[in-house]
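Undergrad: What follows is a structure written as structure tokens; I'll ask about it next.
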Amino acid sequence: MVSQIQPPTQPEVIYPDSDGQPVANNTIKFGWIVEIKQNLDWLFADDPNVFVAGDLFWYPVEGRNKIVNAPDVLVVLGRPKGVGVARRRHRLCYQQWKEEGIAPQVVFEILSPGNRQAEMDKKLLFYDRYGVEEYYIYDPEKNNLSGWLRNEDGLDVIPQMEDWVSPRLKIRFALSPETLQLYRPDGERFLTYTEISRNAEQERQRAELAEQARRDAIPRLLQMNLTIEQIAQALGLSVEEVRTLAQE
């Protein structure tokens with residue numbers, strides 16, 4: 001009997017989702033990462049096929065777990081926000097071969113004093129090689145903004161970044177002598193996390209005041225001999241809601 005030689009089992013390739021390093025090594029960089037990521041989330045909140053992430057490992061080549069980068073912020077148009085059953089499961093890393101081969105189209109990097117030119121040169125080479133279409137670097141300390149846009153030969157420097165509008169995201173970059181400001185396609189500026197939280201709290205308070213005003217109006221309208229149906233129409237509530245509130 002001739003025994004068949006089994007081919008050696010290929011070891012499973014592990015794709016780490018962390019290198020143990022912090023997302024940012026100073027509060028300024030972290031604030032910019034959060035601001036850009038949060039505002040892009042907000043901008044594309046109604047589009048289920050725009051994925052935005054911060055400091056997420058991106059593996060472009062299957063089986064090559066040494067080929068990896070973690071952009072401060074990346075945007076992938078054409079991929080769902082979540083993965084798995086009912087799109088509820090979050091990605092631990094971005095494995096491009098599992099994402100229909102779609103590379104992040106837009107990448108942002110925020111510089112900190114610890115970044116070295118050689119490191120940034122390697123990142124530019126990586127993004128150029130693996131298909132990024134737009135690459136932006138902002139240095140908050142020097143208030144310096146740089147950008148690259150893909151053409152038929154690869155990523156090429158954008159010569160003038162003042163009032164530059166991203167072809168993919170439609171956001172505008174406005175660089176003043178003091179700082180960078182980003183604007184949404186509707187002209188509204190990007191807000192800081194604190195401003196977003198404050199606006200959300202103000203909106204919550206306005207909603208509570210409006211709800212209380214409706215509650216207070218129901219007894220007065222009933223005393224004016226309006227019907228439940230008329231009150232519901234006047235206050236923009238359902239008949240059931242008016243009946244419930246009237247009994248409280």
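Labels for the structure tokens follow display order: chains A, B, ..., residues from 1 in each chain, ligands from 1.
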As a ChimeraX atom specification, which residues of segment 29-119 of chain A does DSSP assign to helix (DSSP H, G or I)?
TA: /A:29-43,85-87,96-98,117-119
Undergrad: Give me, as a VMD selection string, the residues of segment 2-244 of chain A that a backbone DSSP run labels strand (DSSP E or B).
TA: chain A and resid 50 to 54 58 to 59 69 73 to 77 83 89 94 to 95 106 to 110 134 to 139 144 to 151 154 to 157 164 to 165 172 to 175 180 to 183 189
Undergrad: If we count only C-alpha atoms and set the cut-off at 10 Å, which residues sit around Glu178 of chain A, ignoring sequence neighbours fewer than 2 positions away in its own chain? Please answer as JSON, numbers by chain.
TA: {"A": [140, 142, 143, 175, 176, 180, 181]}
Undergrad: What lies within 12 Å of segment 121-125 of chain A using only C-alpha atoms, ignoring chain neighbours under 2 positions off, as a VMD selection string?
TA: chain A and resid 67 to 72 107 to 109 115 to 119 127 to 137 146 to 150 154 to 157
Undergrad: Hey, can you spit out that residue selection with N, CA and C atoms as a compact mmCIF listing (two decimals), in the first residue's frame?
TA:
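Just written: result-v1.txt:
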```
# COMPACT_ATOMS: atom_id res chain seq x y z
N ILE A 67 2.20 43.88 6.52
CA ILE A 67 1.84 45.02 5.69
C ILE A 67 0.59 45.63 6.30
N VAL A 68 0.77 46.67 7.10
CA VAL A 68 -0.33 47.23 7.87
C VAL A 68 -0.04 48.69 8.19
N ASN A 69 -1.10 49.46 8.31
CA ASN A 69 -1.00 50.83 8.76
C ASN A 69 -2.28 51.17 9.51
N ALA A 70 -2.21 52.16 10.37
CA ALA A 70 -3.38 52.58 11.14
C ALA A 70 -3.54 54.09 10.99
N PRO A 71 -4.21 54.54 9.94
CA PRO A 71 -4.41 55.98 9.75
C PRO A 71 -5.15 56.60 10.94
N ASP A 72 -4.87 57.86 11.22
CA ASP A 72 -5.59 58.53 12.31
C ASP A 72 -7.09 58.53 12.02
N VAL A 107 -7.77 59.42 3.64
CA VAL A 107 -7.03 59.19 4.87
C VAL A 107 -6.55 60.53 5.43
N PHE A 108 -6.64 60.66 6.76
CA PHE A 108 -6.13 61.84 7.47
C PHE A 108 -5.07 61.41 8.46
N GLU A 109 -4.00 62.20 8.55
CA GLU A 109 -3.01 62.02 9.59
C GLU A 109 -2.81 63.36 10.30
N ASN A 115 6.38 62.49 15.63
CA ASN A 115 6.45 61.97 14.27
C ASN A 115 7.76 62.38 13.60
N ARG A 116 8.37 61.43 12.89
CA ARG A 116 9.62 61.70 12.17
C ARG A 116 9.33 61.70 10.67
N GLN A 117 10.16 62.43 9.93
CA GLN A 117 9.95 62.55 8.50
C GLN A 117 10.02 61.20 7.81
N ALA A 118 10.94 60.33 8.26
CA ALA A 118 11.06 59.01 7.65
C ALA A 118 9.77 58.21 7.84
N GLU A 119 9.15 58.34 9.01
CA GLU A 119 7.90 57.65 9.29
C GLU A 119 6.79 58.14 8.35
N TYR A 127 0.28 54.51 1.43
CA TYR A 127 -1.02 54.96 0.91
C TYR A 127 -1.02 55.07 -0.61
N ASP A 128 0.11 55.44 -1.16
CA ASP A 128 0.23 55.51 -2.61
C ASP A 128 0.14 54.11 -3.21
N ARG A 129 0.84 53.17 -2.61
CA ARG A 129 0.92 51.80 -3.15
C ARG A 129 -0.40 51.07 -3.04
N TYR A 130 -1.16 51.32 -1.98
CA TYR A 130 -2.34 50.50 -1.73
C TYR A 130 -3.67 51.22 -2.02
N GLY A 131 -3.64 52.29 -2.78
CA GLY A 131 -4.86 52.77 -3.41
C GLY A 131 -5.60 53.93 -2.80
N VAL A 132 -5.03 54.61 -1.80
CA VAL A 132 -5.68 55.79 -1.25
C VAL A 132 -5.81 56.86 -2.34
N GLU A 133 -6.97 57.50 -2.40
CA GLU A 133 -7.21 58.52 -3.43
C GLU A 133 -6.91 59.93 -2.94
N GLU A 134 -7.16 60.18 -1.65
CA GLU A 134 -6.90 61.49 -1.07
C GLU A 134 -6.21 61.30 0.28
N TYR A 135 -5.12 62.03 0.47
CA TYR A 135 -4.34 61.90 1.71
C TYR A 135 -4.05 63.30 2.23
N TYR A 136 -4.43 63.53 3.52
CA TYR A 136 -4.27 64.85 4.11
C TYR A 136 -3.48 64.75 5.41
N ILE A 137 -2.52 65.65 5.59
CA ILE A 137 -1.72 65.73 6.82
C ILE A 137 -1.88 67.13 7.40
N SER A 146 -1.07 69.78 4.41
CA SER A 146 -0.60 69.23 3.14
C SER A 146 -1.61 68.22 2.62
N GLY A 147 -1.65 68.05 1.32
CA GLY A 147 -2.58 67.10 0.74
C GLY A 147 -2.04 66.47 -0.53
N TRP A 148 -2.51 65.26 -0.81
CA TRP A 148 -2.14 64.53 -2.03
C TRP A 148 -3.42 64.00 -2.66
N LEU A 149 -3.46 64.01 -3.98
CA LEU A 149 -4.61 63.52 -4.73
C LEU A 149 -4.14 62.54 -5.79
N ARG A 150 -4.84 61.42 -5.92
CA ARG A 150 -4.41 60.40 -6.88
C ARG A 150 -4.73 60.82 -8.31
N GLY A 154 -0.38 57.96 -9.63
CA GLY A 154 -0.33 57.76 -8.19
C GLY A 154 -0.68 59.03 -7.45
N LEU A 155 -0.34 59.09 -6.15
CA LEU A 155 -0.64 60.27 -5.35
C LEU A 155 0.30 61.41 -5.74
N ASP A 156 -0.30 62.57 -5.97
CA ASP A 156 0.47 63.75 -6.35
C ASP A 156 0.11 64.89 -5.41
N VAL A 157 1.07 65.75 -5.11
CA VAL A 157 0.86 66.85 -4.17
C VAL A 157 -0.20 67.81 -4.70
```
